[in-house]
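File shown here: input-v9.cif, holding mmCIF, N, CA and C atoms.
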data_structure
loop_
_atom_site.group_PDB
_atom_site.id
_atom_site.type_symbol
_atom_site.label_atom_id
_atom_site.label_comp_id
_atom_site.auth_asym_id
_atom_site.auth_seq_id
_atom_site.Cartn_x
_atom_site.Cartn_y
_atom_site.Cartn_z
ATOM 1 N N MET L 189 1.681 -8.575 17.636
ATOM 2 C CA MET L 189 0.757 -7.976 16.710
ATOM 3 C C MET L 189 -0.402 -7.337 17.479
ATOM 4 N N ILE L 190 -0.808 -7.982 18.546
ATOM 5 C CA ILE L 190 -1.898 -7.423 19.352
ATOM 6 C C ILE L 190 -1.459 -6.118 19.999
ATOM 7 N N ILE L 191 -0.256 -6.106 20.535
ATOM 8 C CA ILE L 191 0.236 -4.902 21.210
ATOM 9 C C ILE L 191 0.431 -3.767 20.216
ATOM 10 N N LEU L 192 0.953 -4.063 19.041
ATOM 11 C CA LEU L 192 1.104 -3.038 18.009
ATOM 12 C C LEU L 192 -0.259 -2.480 17.620
ATOM 13 N N GLY L 193 -1.259 -3.340 17.501
ATOM 14 C CA GLY L 193 -2.609 -2.890 17.178
ATOM 15 C C GLY L 193 -3.172 -1.962 18.239
ATOM 16 N N ILE L 194 -2.950 -2.316 19.504
ATOM 17 C CA ILE L 194 -3.441 -1.474 20.596
ATOM 18 C C ILE L 194 -2.723 -0.132 20.618
ATOM 19 N N ILE L 195 -1.419 -0.137 20.365
ATOM 20 C CA ILE L 195 -0.664 1.117 20.323
ATOM 21 C C ILE L 195 -1.184 2.011 19.204
ATOM 22 N N LEU L 196 -1.418 1.429 18.025
ATOM 23 C CA LEU L 196 -1.945 2.218 16.919
ATOM 24 C C LEU L 196 -3.358 2.734 17.205
ATOM 25 N N LEU L 197 -4.168 1.934 17.890
ATOM 26 C CA LEU L 197 -5.495 2.396 18.286
ATOM 27 C C LEU L 197 -5.414 3.625 19.179
ATOM 28 N N VAL L 198 -4.540 3.572 20.164
ATOM 29 C CA VAL L 198 -4.398 4.695 21.098
ATOM 30 C C VAL L 198 -3.862 5.932 20.392
ATOM 31 N N VAL L 199 -2.816 5.747 19.585
ATOM 32 C CA VAL L 199 -2.236 6.890 18.872
ATOM 33 C C VAL L 199 -3.247 7.486 17.894
ATOM 34 N N GLY L 200 -3.964 6.635 17.188
ATOM 35 C CA GLY L 200 -4.977 7.120 16.260
ATOM 36 C C GLY L 200 -6.102 7.844 16.960
ATOM 37 N N PHE L 201 -6.493 7.369 18.139
ATOM 38 C CA PHE L 201 -7.559 8.025 18.894
ATOM 39 C C PHE L 201 -7.107 9.381 19.428
ATOM 40 N N VAL L 202 -5.889 9.439 19.965
ATOM 41 C CA VAL L 202 -5.380 10.679 20.558
ATOM 42 C C VAL L 202 -5.140 11.740 19.491
ATOM 43 N N THR L 203 -4.548 11.347 18.366
ATOM 44 C CA THR L 203 -4.217 12.328 17.327
ATOM 45 C C THR L 203 -5.371 12.588 16.364
ATOM 46 N N GLY L 204 -6.365 11.728 16.363
ATOM 47 C CA GLY L 204 -7.500 11.913 15.470
ATOM 48 C C GLY L 204 -7.241 11.453 14.047
ATOM 49 N N ILE L 205 -6.221 10.625 13.847
ATOM 50 C CA ILE L 205 -5.903 10.117 12.513
ATOM 51 C C ILE L 205 -6.658 8.803 12.320
ATOM 52 N N ALA L 206 -7.622 8.818 11.430
ATOM 53 C CA ALA L 206 -8.522 7.682 11.260
ATOM 54 C C ALA L 206 -7.819 6.452 10.690
ATOM 55 N N ILE L 207 -6.822 6.634 9.837
ATOM 56 C CA ILE L 207 -6.156 5.483 9.217
ATOM 57 C C ILE L 207 -5.388 4.673 10.267
ATOM 58 N N LEU L 208 -4.818 5.341 11.269
ATOM 59 C CA LEU L 208 -4.131 4.608 12.342
ATOM 60 C C LEU L 208 -5.132 3.814 13.160
ATOM 61 N N TRP L 209 -6.299 4.386 13.388
ATOM 62 C CA TRP L 209 -7.364 3.704 14.115
ATOM 63 C C TRP L 209 -7.785 2.437 13.372
ATOM 64 N N THR L 210 -7.957 2.553 12.057
ATOM 65 C CA THR L 210 -8.379 1.423 11.234
ATOM 66 C C THR L 210 -7.312 0.328 11.205
ATOM 67 N N ILE L 211 -6.069 0.707 10.984
ATOM 68 C CA ILE L 211 -4.976 -0.269 10.955
ATOM 69 C C ILE L 211 -4.822 -0.938 12.313
ATOM 70 N N GLY L 212 -4.997 -0.186 13.392
ATOM 71 C CA GLY L 212 -4.908 -0.748 14.739
ATOM 72 C C GLY L 212 -5.968 -1.804 14.987
ATOM 73 N N ILE L 213 -7.193 -1.538 14.545
ATOM 74 C CA ILE L 213 -8.273 -2.515 14.702
ATOM 75 C C ILE L 213 -7.954 -3.783 13.923
ATOM 76 N N ILE L 214 -7.498 -3.620 12.688
ATOM 77 C CA ILE L 214 -7.192 -4.771 11.842
ATOM 78 C C ILE L 214 -6.078 -5.616 12.458
ATOM 79 N N LEU L 215 -5.006 -4.983 12.916
ATOM 80 C CA LEU L 215 -3.895 -5.729 13.519
ATOM 81 C C LEU L 215 -4.315 -6.430 14.799
ATOM 82 N N ALA L 216 -5.114 -5.771 15.612
ATOM 83 C CA ALA L 216 -5.558 -6.390 16.859
ATOM 84 C C ALA L 216 -6.436 -7.615 16.577
ATOM 85 N N VAL L 217 -7.333 -7.517 15.605
ATOM 86 C CA VAL L 217 -8.208 -8.641 15.272
ATOM 87 C C VAL L 217 -7.403 -9.811 14.704
ATOM 88 N N ILE L 218 -6.463 -9.523 13.822
ATOM 89 C CA ILE L 218 -5.621 -10.590 13.262
ATOM 90 C C ILE L 218 -4.779 -11.234 14.363
ATOM 91 N N GLY L 219 -4.222 -10.422 15.246
ATOM 92 C CA GLY L 219 -3.428 -10.963 16.347
ATOM 93 C C GLY L 219 -4.231 -11.868 17.260
ATOM 94 N N VAL L 220 -5.452 -11.459 17.587
ATOM 95 C CA VAL L 220 -6.306 -12.293 18.437
ATOM 96 C C VAL L 220 -6.679 -13.590 17.723
ATOM 97 N N ALA L 221 -6.979 -13.500 16.434
ATOM 98 C CA ALA L 221 -7.336 -14.700 15.667
ATOM 99 C C ALA L 221 -6.165 -15.682 15.629
ATOM 100 N N LEU L 222 -4.961 -15.194 15.392
ATOM 101 C CA LEU L 222 -3.789 -16.071 15.377
ATOM 102 C C LEU L 222 -3.517 -16.675 16.744
ATOM 103 N N TRP L 223 -3.754 -15.888 17.784
ATOM 104 C CA TRP L 223 -3.554 -16.364 19.141
ATOM 105 C C TRP L 223 -4.526 -17.503 19.461
ATOM 106 N N ILE L 224 -5.786 -17.328 19.069
ATOM 107 C CA ILE L 224 -6.795 -18.357 19.323
ATOM 108 C C ILE L 224 -6.486 -19.623 18.537
ATOM 109 N N VAL L 225 -6.181 -19.475 17.258
ATOM 110 C CA VAL L 225 -5.893 -20.650 16.427
ATOM 111 C C VAL L 225 -4.646 -21.368 16.926
ATOM 112 N N GLY L 226 -3.626 -20.631 17.277
ATOM 113 C CA GLY L 226 -2.405 -21.243 17.805
ATOM 114 C C GLY L 226 -2.634 -21.906 19.146
ATOM 115 N N GLY L 227 -3.496 -21.320 19.969
ATOM 116 C CA GLY L 227 -3.793 -21.890 21.271
ATOM 117 C C GLY L 227 -4.593 -23.177 21.187
ATOM 118 N N MET L 228 -5.328 -23.353 20.088
ATOM 119 C CA MET L 228 -6.110 -24.570 19.910
ATOM 120 C C MET L 228 -5.244 -25.719 19.400
ATOM 121 N N GLY L 229 -3.975 -25.457 19.122
ATOM 122 C CA GLY L 229 -3.068 -26.517 18.703
ATOM 123 C C GLY L 229 -2.928 -26.662 17.204
ATOM 124 N N HIS L 230 -3.537 -25.790 16.438
ATOM 125 C CA HIS L 230 -3.426 -25.860 14.986
ATOM 126 C C HIS L 230 -2.162 -25.136 14.527
ATOM 127 N N ALA L 231 -1.576 -25.613 13.456
ATOM 128 C CA ALA L 231 -0.404 -24.951 12.888
ATOM 129 C C ALA L 231 -0.848 -23.649 12.213
ATOM 130 N N VAL L 232 -0.092 -22.587 12.436
ATOM 131 C CA VAL L 232 -0.395 -21.283 11.851
ATOM 132 C C VAL L 232 0.726 -20.940 10.890
ATOM 133 N N ALA L 233 0.405 -20.785 9.623
ATOM 134 C CA ALA L 233 1.368 -20.432 8.578
ATOM 135 C C ALA L 233 2.533 -21.425 8.531
ATOM 136 N N GLY L 234 2.232 -22.689 8.727
ATOM 137 C CA GLY L 234 3.260 -23.711 8.656
ATOM 138 C C GLY L 234 4.068 -23.883 9.918
ATOM 139 N N ARG L 235 3.730 -23.126 10.961
ATOM 140 C CA ARG L 235 4.453 -23.234 12.226
ATOM 141 C C ARG L 235 3.548 -23.841 13.273
ATOM 142 N N ARG L 236 4.123 -24.672 14.094
ATOM 143 C CA ARG L 236 3.332 -25.301 15.150
ATOM 144 C C ARG L 236 2.993 -24.317 16.247
ATOM 145 N N HIS L 237 3.893 -23.366 16.521
ATOM 146 C CA HIS L 237 3.685 -22.346 17.545
ATOM 147 C C HIS L 237 3.818 -20.979 16.904
ATOM 148 N N TYR L 238 3.012 -20.045 17.356
ATOM 149 C CA TYR L 238 3.086 -18.682 16.825
ATOM 150 C C TYR L 238 3.362 -17.715 17.966
ATOM 151 N N TRP L 239 4.543 -17.133 17.956
ATOM 152 C CA TRP L 239 4.914 -16.060 18.880
ATOM 153 C C TRP L 239 6.115 -15.352 18.403
#
Write-out of the structure in structure tokens:
Amino acid sequence: MIILGIILLVVGFVTGIAILWTIGIILAVIGVALWIVGGMGHAVAGRRHYW
């Protein structure tokens, strides 16, 4: 999810499409949040590990 967010950020920046930029930011933030929560040992969406 983080990598997809970064790809959308780059594509949105290069092409000037604002919606891709916005979606990229949202996906990157959600991916980082899930990574942090999963790394702390908490279950994410009913799963012990998230990847």
Inset, instruction - Please indicate the distance in Å from CA of Ile195 (chain L) to atom N of Leu222 (chain L), rounded to one decimal place. - result: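 Going from CA of Ile195 (chain L) over to atom N of Leu222 (chain L) covers 17.6 Å.
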Inset, instruction - Can you work out which one of L:Ala221, L:Leu215, L:Ile207, L:Ala231 has the shortest atom-to-atom distance to Ile194 (chain L), counting all atoms listed in the file? - result: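 The shortest atom-to-atom distance to Ile194 (chain L) comes from L:Leu215.
Residue neighbourhood of Leu196 (chain L), excluding near-sequence residues (fewer than 3 positions): L:Ile191, L:Leu192, L:Gly193, L:Val199, L:Gly200, L:Phe201, L:Leu208, L:Trp209, L:Thr210, L:Ile211, L:Gly212, L:Ile213, at 7 Å, using all atoms listed in the file.
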Inset, instruction - May I have all residues of chain L that DSSP, computed from the backbone, assigns to alpha helix (DSSP H), given as a ChimeraX atom specification? - result: /L:190-203,206-227
Inset, instruction - Quote the spacing between atom N of Trp223 (chain L) and CA of Met189 (chain L) in Å to one decimal place. - result: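 So the two atoms, atom N of Trp223 (chain L) and CA of Met189 (chain L), lie 9.2 Å apart.
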Legend entry - atom N of Ile190 (chain L) to atom N of Gly219 (chain L), straight-line distance in Å: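 We find that atom N of Gly219 (chain L) and atom N of Ile190 (chain L) lie 5.3 Å from each other.
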